[in-house]
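Shown next: entry-v1.txt, given as compact mmCIF, C-alpha atoms (C1' of nucleotides).
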# COMPACT_ATOMS: atom_id res chain seq x y z
CA MET A 1 0.00 0.00 0.00
CA GLN A 2 2.25 2.83 -1.09
CA ARG A 3 3.45 4.10 2.26
CA THR A 4 4.84 7.54 2.96
CA ASN A 5 8.56 7.61 3.67
CA PHE A 6 8.88 9.03 7.17
CA GLY A 7 12.65 8.70 7.16
CA GLU A 8 13.13 11.77 5.00
CA MET A 9 11.15 14.17 7.13
CA ALA A 10 13.08 16.74 9.15
CA CYS A 11 11.71 15.30 12.37
CA SER A 12 13.41 12.88 14.72
CA ILE A 13 10.07 11.39 15.70
CA ALA A 14 9.25 10.61 12.06
CA ARG A 15 12.72 9.20 11.49
CA THR A 16 12.43 6.96 14.51
CA ILE A 17 9.09 5.73 13.21
CA ASP A 18 10.84 4.86 9.97
CA VAL A 19 13.12 2.51 11.94
CA ILE A 20 10.69 0.82 14.33
CA GLY A 21 7.27 2.12 13.34
CA GLU A 22 6.10 -0.78 11.26
CA PRO A 23 3.68 -3.21 12.85
CA TRP A 24 5.48 -5.82 15.02
CA SER A 25 8.87 -4.12 15.11
CA PRO A 26 8.69 -2.93 18.73
CA LEU A 27 7.45 -6.36 19.81
CA ILE A 28 10.35 -8.03 18.03
CA LEU A 29 12.76 -5.79 19.90
CA ARG A 30 10.99 -6.54 23.17
CA ASP A 31 11.35 -10.27 22.57
CA VAL A 32 15.01 -10.02 21.62
CA TRP A 33 15.56 -7.92 24.70
CA VAL A 34 14.11 -10.57 27.00
CA GLY A 35 16.03 -13.36 25.28
CA ILE A 36 13.70 -14.63 22.58
CA SER A 37 16.18 -14.33 19.79
CA ARG A 38 15.78 -17.03 17.13
CA PHE A 39 13.55 -17.02 14.10
CA ASP A 40 11.21 -19.83 15.08
CA GLN A 41 11.04 -18.70 18.70
CA LEU A 42 10.03 -15.22 17.61
CA GLN A 43 7.51 -16.55 15.15
CA ALA A 44 5.93 -18.81 17.75
CA ASP A 45 5.94 -16.25 20.57
CA LEU A 46 4.48 -13.42 18.51
CA GLY A 47 2.22 -15.37 16.17
CA ILE A 48 3.56 -13.22 13.34
CA SER A 49 3.62 -14.36 9.73
CA ARG A 50 7.02 -15.80 8.78
CA LYS A 51 7.08 -13.60 5.74
CA VAL A 52 6.57 -10.41 7.72
CA LEU A 53 9.04 -11.55 10.38
CA THR A 54 11.71 -11.98 7.72
CA GLU A 55 10.99 -8.50 6.36
CA ARG A 56 11.09 -6.89 9.80
CA LEU A 57 14.30 -8.60 10.87
CA ASN A 58 16.03 -7.54 7.66
CA HIS A 59 14.86 -3.99 8.09
CA LEU A 60 16.00 -3.85 11.73
CA ILE A 61 19.40 -5.23 10.71
CA ASP A 62 19.69 -2.71 7.87
CA GLN A 63 18.94 0.03 10.37
CA GLY A 64 21.70 -1.19 12.68
CA VAL A 65 19.33 -2.03 15.52
CA LEU A 66 19.80 -5.81 15.44
CA GLU A 67 22.75 -8.05 14.51
CA ARG A 68 22.71 -11.63 13.28
CA HIS A 69 25.08 -13.97 15.19
CA PRO A 70 25.81 -17.57 14.20
CA TYR A 71 25.56 -20.02 17.11
CA ASP A 72 26.41 -23.25 15.30
CA ASN A 73 28.38 -24.59 12.33
CA ARG A 74 25.09 -25.04 10.59
CA PRO A 75 23.46 -22.00 9.12
CA ARG A 76 21.84 -21.16 12.44
CA HIS A 77 21.85 -17.77 14.06
CA GLU A 78 20.29 -15.61 16.66
CA TYR A 79 19.47 -11.93 16.76
CA ARG A 80 20.98 -9.51 19.24
CA LEU A 81 20.48 -5.87 20.04
CA THR A 82 23.26 -3.52 19.00
CA THR A 83 24.03 -0.52 21.21
CA LYS A 84 21.76 1.50 18.98
CA GLY A 85 19.07 -1.11 19.50
CA ALA A 86 19.57 -1.38 23.25
CA GLU A 87 18.93 2.35 23.53
CA LEU A 88 15.59 1.80 21.85
CA VAL A 89 14.62 -0.27 24.85
CA ASP A 90 14.23 3.05 26.67
CA LEU A 91 11.40 3.74 24.31
CA LEU A 92 9.86 0.35 25.04
CA MET A 93 10.03 1.03 28.78
CA VAL A 94 8.22 4.33 28.36
CA MET A 95 5.61 2.64 26.17
CA ALA A 96 5.15 -0.04 28.78
CA GLY A 97 4.88 2.58 31.50
CA TRP A 98 2.12 4.43 29.69
CA GLY A 99 0.29 1.21 28.88
CA ASP A 100 0.55 0.06 32.49
CA ARG A 101 -0.91 3.34 33.68
CA TRP A 102 -3.70 3.82 31.17
CA LEU A 103 -4.57 0.47 29.66
CA ALA A 104 -3.91 -2.25 32.24
CA GLY A 105 -7.37 -2.03 33.84
CA GLU A 106 -8.50 -4.13 36.79
CA ALA A 107 -6.02 -6.90 36.21
CA GLY A 108 -3.03 -4.66 36.73
CA PRO A 109 0.18 -4.55 34.72
CA PRO A 110 1.19 -7.77 32.96
CA VAL A 111 4.87 -7.23 33.73
CA LEU A 112 6.69 -5.58 36.63
CA TYR A 113 10.19 -4.19 36.49
CA ARG A 114 12.71 -4.56 39.28
CA HIS A 115 15.42 -1.93 39.24
CA HIS A 116 18.89 -3.37 39.93
CA ALA A 117 20.22 -0.27 41.66
CA CYS A 118 17.56 -0.17 44.39
CA GLY A 119 16.04 -3.64 44.15
CA GLU A 120 12.52 -2.21 44.09
CA ILE A 121 9.65 -2.74 41.67
CA SER A 122 9.55 0.56 39.86
CA HIS A 123 9.03 2.33 36.56
CA VAL A 124 10.75 4.99 34.51
CA ASP A 125 10.43 8.68 35.14
CA LEU A 126 11.52 11.38 32.69
CA ARG A 127 14.03 13.90 33.93
CA CYS A 128 15.96 16.74 32.36
CA ALA A 129 19.43 15.52 31.47
CA HIS A 130 20.75 18.92 32.47
CA CYS A 131 19.14 19.82 35.79
CA GLY A 132 17.51 16.55 36.83
CA GLU A 133 14.05 18.05 37.34
CA PRO A 134 10.98 16.37 35.80
CA MET A 135 10.60 16.93 32.06
CA HIS A 136 7.19 16.38 30.53
CA ALA A 137 4.93 17.77 27.81
CA GLY A 138 4.32 21.12 29.46
CA ASP A 139 7.85 21.66 30.76
CA ILE A 140 9.59 22.47 27.50
CA ASP A 141 9.64 24.81 24.52
CA PRO A 142 10.61 23.39 21.15
CA LEU A 143 13.02 25.57 19.14
CA PRO A 144 14.36 25.11 15.63
CA GLY A 145 17.66 23.21 15.68
CA PRO A 146 20.60 23.12 13.26
CA GLY A 147 19.02 20.30 11.20
CA ALA A 148 15.68 22.08 10.76
CA ALA A 149 14.12 22.08 7.31
CA VAL A 150 14.89 25.13 5.21
CA MET B 1 -4.76 -6.01 4.91
CA GLN B 2 -6.09 -8.00 7.83
CA ARG B 3 -4.05 -6.64 10.71
CA THR B 4 -3.37 -8.38 14.01
CA ASN B 5 -5.12 -6.87 17.02
CA PHE B 6 -2.35 -5.85 19.39
CA GLY B 7 -4.77 -4.45 21.95
CA GLU B 8 -5.69 -7.87 23.28
CA MET B 9 -2.19 -9.06 24.03
CA ALA B 10 -1.12 -9.22 27.68
CA CYS B 11 1.63 -6.68 27.05
CA SER B 12 1.54 -2.97 27.75
CA ILE B 13 3.84 -2.31 24.80
CA ALA B 14 1.47 -4.09 22.41
CA ARG B 15 -1.51 -2.27 23.91
CA THR B 16 0.17 1.08 23.51
CA ILE B 17 0.90 0.22 19.88
CA ASP B 18 -2.78 -0.46 19.47
CA VAL B 19 -3.47 3.16 20.49
CA ILE B 20 -0.78 5.07 18.62
CA GLY B 21 1.02 2.46 16.55
CA GLU B 22 -0.66 3.09 13.25
CA PRO B 23 1.22 5.10 10.66
CA TRP B 24 0.90 8.88 11.25
CA SER B 25 -0.62 8.69 14.73
CA PRO B 26 2.50 9.83 16.62
CA LEU B 27 2.99 12.67 14.13
CA ILE B 28 -0.60 13.79 14.61
CA LEU B 29 -0.04 13.92 18.36
CA ARG B 30 3.20 15.83 17.83
CA ASP B 31 1.39 18.40 15.72
CA VAL B 32 -1.47 18.79 18.17
CA TRP B 33 1.08 19.17 20.94
CA VAL B 34 2.82 22.06 19.17
CA GLY B 35 -0.46 23.76 18.32
CA ILE B 36 -1.40 22.43 14.88
CA SER B 37 -4.85 21.34 15.84
CA ARG B 38 -7.37 21.71 13.00
CA PHE B 39 -8.20 19.26 10.28
CA ASP B 40 -6.91 21.21 7.31
CA GLN B 41 -3.83 22.42 9.17
CA LEU B 42 -2.94 18.86 10.05
CA GLN B 43 -3.57 17.64 6.56
CA ALA B 44 -1.41 20.37 5.03
CA ASP B 45 1.41 20.09 7.57
CA LEU B 46 1.69 16.32 7.39
CA GLY B 47 0.77 15.72 3.77
CA ILE B 48 -1.43 12.88 4.95
CA SER B 49 -4.45 11.66 2.99
CA ARG B 50 -7.67 13.23 4.28
CA LYS B 51 -9.24 9.81 4.48
CA VAL B 52 -6.50 8.42 6.68
CA LEU B 53 -6.43 11.59 8.80
CA THR B 54 -10.13 11.17 9.52
CA GLU B 55 -9.61 7.56 10.52
CA ARG B 56 -6.68 8.37 12.78
CA LEU B 57 -8.42 11.27 14.51
CA ASN B 58 -11.47 9.14 15.19
CA HIS B 59 -9.34 6.36 16.57
CA LEU B 60 -7.37 8.71 18.80
CA ILE B 61 -10.62 10.21 20.11
CA ASP B 62 -12.07 6.74 20.72
CA GLN B 63 -8.97 5.89 22.70
CA GLY B 64 -9.35 9.00 24.83
CA VAL B 65 -6.11 10.56 23.68
CA LEU B 66 -7.62 13.51 21.81
CA GLU B 67 -10.78 15.55 22.31
CA ARG B 68 -12.75 17.55 19.75
CA HIS B 69 -13.55 21.13 20.82
CA PRO B 70 -15.82 23.54 18.90
CA TYR B 71 -14.30 26.99 18.38
CA ASP B 72 -17.14 28.63 16.47
CA ASN B 73 -20.91 28.55 16.07
CA ARG B 74 -20.34 26.86 12.78
CA PRO B 75 -19.46 23.20 12.84
CA ARG B 76 -15.78 23.99 13.35
CA HIS B 77 -13.56 22.35 15.88
CA GLU B 78 -10.04 21.74 16.92
CA TYR B 79 -8.34 18.78 18.51
CA ARG B 80 -6.72 18.86 21.92
CA LEU B 81 -4.72 16.42 23.97
CA THR B 82 -6.44 14.91 26.97
CA THR B 83 -4.41 14.17 30.08
CA LYS B 84 -4.00 10.65 28.79
CA GLY B 85 -2.76 12.09 25.50
CA ALA B 86 -0.45 14.62 27.11
CA GLU B 87 1.29 11.79 28.90
CA LEU B 88 1.97 10.19 25.53
CA VAL B 89 4.11 13.20 24.74
CA ASP B 90 6.68 11.62 27.06
CA LEU B 91 6.92 8.87 24.52
CA LEU B 92 7.36 11.38 21.71
CA MET B 93 10.17 13.09 23.61
CA VAL B 94 11.99 9.80 24.05
CA MET B 95 11.50 9.00 20.36
CA ALA B 96 12.84 12.40 19.43
CA GLY B 97 15.80 11.91 21.76
CA TRP B 98 16.75 8.60 20.17
CA GLY B 99 16.30 9.99 16.66
CA ASP B 100 18.40 13.04 17.52
CA ARG B 101 21.16 10.83 18.82
CA TRP B 102 21.21 8.14 16.11
CA LEU B 103 19.61 9.53 13.00
CA ALA B 104 20.25 13.27 12.85
CA GLY B 105 23.62 12.98 11.08
CA GLU B 106 25.81 15.90 10.12
CA ALA B 107 23.01 18.42 10.10
CA GLY B 108 22.26 17.95 13.77
CA PRO B 109 18.84 17.68 15.40
CA PRO B 110 15.96 19.42 13.62
CA VAL B 111 14.41 20.58 16.90
CA LEU B 112 15.92 21.58 20.24
CA TYR B 113 14.09 21.54 23.56
CA ARG B 114 14.45 24.20 26.19
CA HIS B 115 13.57 23.05 29.67
CA HIS B 116 11.51 25.58 31.60
CA ALA B 117 12.89 24.67 35.00
CA CYS B 118 16.54 25.36 34.15
CA GLY B 119 16.22 27.34 30.92
CA GLU B 120 18.79 25.15 29.17
CA ILE B 121 18.64 23.28 25.89
CA SER B 122 18.40 19.71 27.06
CA HIS B 123 16.86 16.31 26.48
CA VAL B 124 15.12 13.64 28.51
CA ASP B 125 16.91 11.11 30.66
CA LEU B 126 15.30 7.99 32.11
CA ARG B 127 15.42 7.59 35.88
CA CYS B 128 13.97 5.13 38.33
CA ALA B 129 10.82 6.61 39.83
CA HIS B 130 11.77 5.02 43.14
CA CYS B 131 15.45 5.78 43.70
CA GLY B 132 16.22 8.34 41.00
CA GLU B 133 19.17 6.43 39.54
CA PRO B 134 19.43 5.86 35.77
CA MET B 135 17.11 3.16 34.44
CA HIS B 136 17.93 1.63 31.07
CA ALA B 137 17.76 -1.69 29.23
CA GLY B 138 20.37 -3.45 31.35
CA ASP B 139 19.31 -2.01 34.69
CA ILE B 140 16.12 -3.98 35.22
CA ASP B 141 14.66 -7.46 35.50
CA PRO B 142 11.16 -8.04 34.15
CA LEU B 143 8.91 -10.11 36.44
CA PRO B 144 5.38 -11.41 35.84
CA GLY B 145 2.81 -8.92 37.17
CA PRO B 146 -0.79 -9.35 38.35
CA GLY B 147 -2.18 -8.91 34.82
CA ALA B 148 0.09 -11.53 33.27
CA ALA B 149 -1.45 -14.00 30.84
CA VAL B 150 -2.59 -17.26 32.41
C1' DC C 1 23.86 -44.50 2.42
C1' DA C 2 19.01 -43.30 2.52
C1' DC C 3 15.83 -41.06 5.77
C1' DT C 4 14.37 -37.83 8.81
C1' DC C 5 14.65 -33.67 11.53
C1' DT C 6 15.16 -28.78 12.26
C1' DG C 7 16.15 -23.95 11.83
C1' DA C 8 15.47 -20.45 8.67
C1' DG C 9 13.62 -18.71 5.36
C1' DT C 10 10.62 -18.32 0.30
C1' DT C 11 6.56 -18.41 -2.58
C1' DC C 12 1.89 -17.70 -3.62
C1' DC C 13 -2.67 -16.20 -2.93
C1' DT C 14 -6.30 -13.45 -0.58
C1' DT C 15 -7.82 -9.52 1.85
C1' DA C 16 -7.68 -5.04 3.50
C1' DA C 17 -5.27 -0.57 4.42
C1' DG C 18 -2.85 3.69 2.60
C1' DG C 19 -2.58 7.45 -1.21
C1' DG C 20 -4.80 10.70 -3.96
C1' DA C 21 -8.16 13.27 -6.11
C1' DA C 22 -12.76 14.59 -6.59
C1' DC C 23 -17.03 15.32 -4.38
C1' DT C 24 -20.39 16.70 -0.56
C1' DC C 25 -22.32 19.43 3.20
C1' DC C 26 -23.29 23.40 5.78
C1' DA C 27 -23.06 27.89 7.89
C1' DA C 28 -21.47 32.51 7.18
C1' DT C 29 -20.12 36.29 4.17
C1' DT C 30 -20.51 39.30 -0.20
C1' DA D 1 -28.01 34.07 -5.17
C1' DA D 2 -23.33 33.05 -5.31
C1' DT D 3 -19.03 32.27 -3.00
C1' DT D 4 -15.92 30.75 0.53
C1' DG D 5 -13.84 27.67 3.77
C1' DG D 6 -13.56 24.12 7.20
C1' DA D 7 -14.39 19.37 7.68
C1' DG D 8 -15.05 15.53 6.18
C1' DT D 9 -16.80 11.31 2.33
C1' DT D 10 -16.45 8.51 -1.65
C1' DC D 11 -14.10 6.00 -5.13
C1' DC D 12 -10.44 3.73 -7.34
C1' DC D 13 -5.71 1.92 -7.43
C1' DT D 14 -1.71 0.03 -5.40
C1' DT D 15 0.66 -2.44 -2.04
C1' DA D 16 1.40 -4.52 2.49
C1' DA D 17 -0.15 -8.08 6.07
C1' DG D 18 -1.87 -12.99 6.97
C1' DG D 19 -1.51 -17.62 6.32
C1' DA D 20 -0.29 -21.90 4.65
C1' DA D 21 2.59 -24.64 1.88
C1' DC D 22 7.03 -25.29 -0.01
C1' DT D 23 12.30 -25.17 -0.20
C1' DC D 24 17.01 -25.84 1.33
C1' DA D 25 21.11 -27.24 3.77
C1' DG D 26 23.53 -29.51 7.29
C1' DA D 27 23.18 -33.14 11.34
C1' DG D 28 21.77 -37.07 13.45
C1' DT D 29 19.88 -41.96 13.08
C1' DG D 30 19.36 -46.88 11.62
Structure rendered as structure tokens:
Amino acid sequence: MQRTNFGEMACSIARTIDVIGEPWSPLILRDVWVGISRFDQLQADLGISRKVLTERLNHLIDQGVLERHPYDNRPRHEYRLTTKGAELVDLLMVMAGWGDRWLAGEAGPPVLYRHHACGEISHVDLRCAHCGEPMHAGDIDPLPGPGAAV
Amino acid sequence: MQRTNFGEMACSIARTIDVIGEPWSPLILRDVWVGISRFDQLQADLGISRKVLTERLNHLIDQGVLERHPYDNRPRHEYRLTTKGAELVDLLMVMAGWGDRWLAGEAGPPVLYRHHACGEISHVDLRCAHCGEPMHAGDIDPLPGPGAAV
DNA sequence: CACTCTGAGTTCCTTAAGGGAACTCCAATT
DNA sequence: AATTGGAGTTCCCTTAAGGAACTCAGAGTG
């Protein structure tokens, strides 16, 4: 279905969508993150079509988010997050946080996160990298940056 | 194309994708956030098909992320973020941060963010809501929560 | 050595979603 | 009475997602 190319917009949100915005991509990263890292495991866990899984994995590798690693003499391999990909997990944690808060309903969150540093069940909180104070929708002004469109 | 329903998975990431995972939805929220809030403005700014824009706006309203507000006696209205929607802007800021870091290239980031509290150009940083220490991919263990699948 | 198993994809077909342009509707203005 | 402008609808075409069956190569088994 001729899809618009978000990657060429002068917007980091649009460009990020170009990398992981297709259906299933964030869930593939989530699975790889928690250790589900082989083709058939991913296919079975997600219930995704093998065809689409192949397309997504290739795209994520092209984008430098995943790497293919052989684990046998046979043509067998597993997928791993690159550094670039591991930093996308931040995005997944924020997604999970919002979903836990607004969509979990009576049953409560499906997954809890224990923070290594303090050992507590917790969730992420957005802070200013500069002053450490909370940083949310109403706390900032967007300004044109050096890479702004002409 | 018959698309999988992510909203029924026992995963807050999948459920969040069900709300804003369709193509264009995050960009619509970004625009509404920065004040582009009427149908024709959105259509012109994004270059999205009017048909798809209608579908996305209706879906975002159904999900409680946007609200329609009349601004005239005529049938004219603008879209606004609800509280639920404003909290999604956190997600957009994290997306923008990742895109700025990994995809901006030579030109640099297209948009800069000034933090009200400190007045500096900055970006978001993920911290543990409990202890305040950094919280990234490798800093947590996922555990089954009360809403986990049976 | 033939047979089977398994991981990792391909191929093919059907259905439905995105793009684009033209069309509709309605209240206010000229 | 005619025009304008915001806010959608409608229609057609193309292409992507689902799903099931098929392929392929190397290992293990009898």
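Minimum atom-to-atom distances from A:Ile61, A:Leu126, A:Ala137, A:Val111 to Val32 in chain B were compared using all atoms listed in the file, and the lowest value belongs to A:Ala137.
Using only C-alpha atoms (C1' of nucleotides), the nearest neighbour of DA25 in chain D within the list A:Arg15, A:His115, A:Arg76, A:His59 is A:Arg76.
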query = Leaving out range 1-5 of chain C and any residue of its chain fewer than 4 positions from it, which residues lie within 12 Å of it when counting all atoms listed in the file, given as a list of chain:residue names?
reply = D:DA25, D:DG26, D:DA27, D:DG28, D:DT29, D:DG30
Write the residues of the preceding selection, restricted to C-alpha atoms (C1' of nucleotides), as a compact mmCIF listing (two decimals), in the coordinates of the input.
# COMPACT_ATOMS: atom_id res chain seq x y z
C1' DA D 25 21.11 -27.24 3.77
C1' DG D 26 23.53 -29.51 7.29
C1' DA D 27 23.18 -33.14 11.34
C1' DG D 28 21.77 -37.07 13.45
C1' DT D 29 19.88 -41.96 13.08
C1' DG D 30 19.36 -46.88 11.62
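For the choices D:DA21, D:DA1, D:DG8, D:DC13, the atom-to-atom distance to DT11 in chain C is smallest for D:DA21 when using all atoms listed in the file.
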request  = Grab the C1' of DC25 in chain C to CA of Leu29 in chain B distance for me, in Å with one decimal place.
outcome  = 27.5 Å
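In this model, the gap between CA of Asn5 in chain A and CA of Leu92 in chain B comes to 18.5 Å.
For the set A:Tyr113, A:Trp33, A:Tyr79, A:Trp24, the residue with the smallest atom-to-atom gap to chain B is A:Tyr113, counting only C-alpha atoms.
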message = Let me make sure I understand: among A:Val89, A:Gly138, A:Arg101, A:Ala148, which one has the smallest atom-to-atom distance to Ala10 in chain A if we use all atoms listed in the file?
response = A:Ala148
message = Residues of chain B within 6 Å of chain A, counting only C-alpha atoms - could you list those as an NGL selection string?
response = :B and (10 or 12-13 or 16 or 89-90 or 95-96 or 99-100 or 107-116 or 122-130 or 136-137 or 139-148)
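The shortest atom-to-atom distance to chain A, with only C-alpha atoms (C1' of nucleotides) taken into account, belongs to D:DA20 out of D:DA7, D:DA20, D:DC12, D:DA2.
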Pick out the chain A residues within 12 Å of chain C. Count all atoms listed in the file. Give them as a PDB file with C-alpha atoms, keeping the file's coordinate frame.
ATOM      1  CA  MET A   1       0.000   0.000   0.000  1.00  0.00           C
ATOM      2  CA  GLN A   2       2.250   2.830  -1.090  1.00  0.00           C
ATOM      3  CA  ARG A   3       3.450   4.100   2.260  1.00  0.00           C
ATOM      4  CA  THR A   4       4.840   7.540   2.960  1.00  0.00           C
ATOM      5  CA  ARG A  38      15.780 -17.030  17.130  1.00  0.00           C
ATOM      6  CA  PHE A  39      13.550 -17.020  14.100  1.00  0.00           C
ATOM      7  CA  ASP A  40      11.210 -19.830  15.080  1.00  0.00           C
ATOM      8  CA  GLN A  41      11.040 -18.700  18.700  1.00  0.00           C
ATOM      9  CA  LEU A  42      10.030 -15.220  17.610  1.00  0.00           C
ATOM     10  CA  GLN A  43       7.510 -16.550  15.150  1.00  0.00           C
ATOM     11  CA  SER A  49       3.620 -14.360   9.730  1.00  0.00           C
ATOM     12  CA  ARG A  50       7.020 -15.800   8.780  1.00  0.00           C
ATOM     13  CA  LYS A  51       7.080 -13.600   5.740  1.00  0.00           C
ATOM     14  CA  VAL A  52       6.570 -10.410   7.720  1.00  0.00           C
ATOM     15  CA  LEU A  53       9.040 -11.550  10.380  1.00  0.00           C
ATOM     16  CA  THR A  54      11.710 -11.980   7.720  1.00  0.00           C
ATOM     17  CA  GLU A  55      10.990  -8.500   6.360  1.00  0.00           C
ATOM     18  CA  LEU A  57      14.300  -8.600  10.870  1.00  0.00           C
ATOM     19  CA  ASN A  58      16.030  -7.540   7.660  1.00  0.00           C
ATOM     20  CA  PRO A  70      25.810 -17.570  14.200  1.00  0.00           C
ATOM     21  CA  TYR A  71      25.560 -20.020  17.110  1.00  0.00           C
ATOM     22  CA  ASP A  72      26.410 -23.250  15.300  1.00  0.00           C
ATOM     23  CA  ARG A  74      25.090 -25.040  10.590  1.00  0.00           C
ATOM     24  CA  PRO A  75      23.460 -22.000   9.120  1.00  0.00           C
ATOM     25  CA  ARG A  76      21.840 -21.160  12.440  1.00  0.00           C
ATOM     26  CA  HIS A  77      21.850 -17.770  14.060  1.00  0.00           C
ATOM     27  CA  GLU A  78      20.290 -15.610  16.660  1.00  0.00           C
TER      28      GLU A  78
END
request  = Write down, as a ChimeraX atom specification, each residue of chain D that has any atom within 12 Å of an atom of chain B, counting all atoms listed in the file.
outcome  = /D:5-11,15-19
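For the pair CA of Thr83 in chain A and CA of Leu66 in chain A, the interatomic distance is 8.9 Å.
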Calculate, to one decimal in Å, the centre and edge lengths of the box along x, y and z of the file that holds all listed atoms of range 89-98 of chain B with 6 Å of margin on each side, and present them as lines of an AutoDock Vina configuration file.
center_x = 10.4
center_y = 10.9
center_z = 23.2
size_x = 24.6
size_y = 16.6
size_z = 19.6
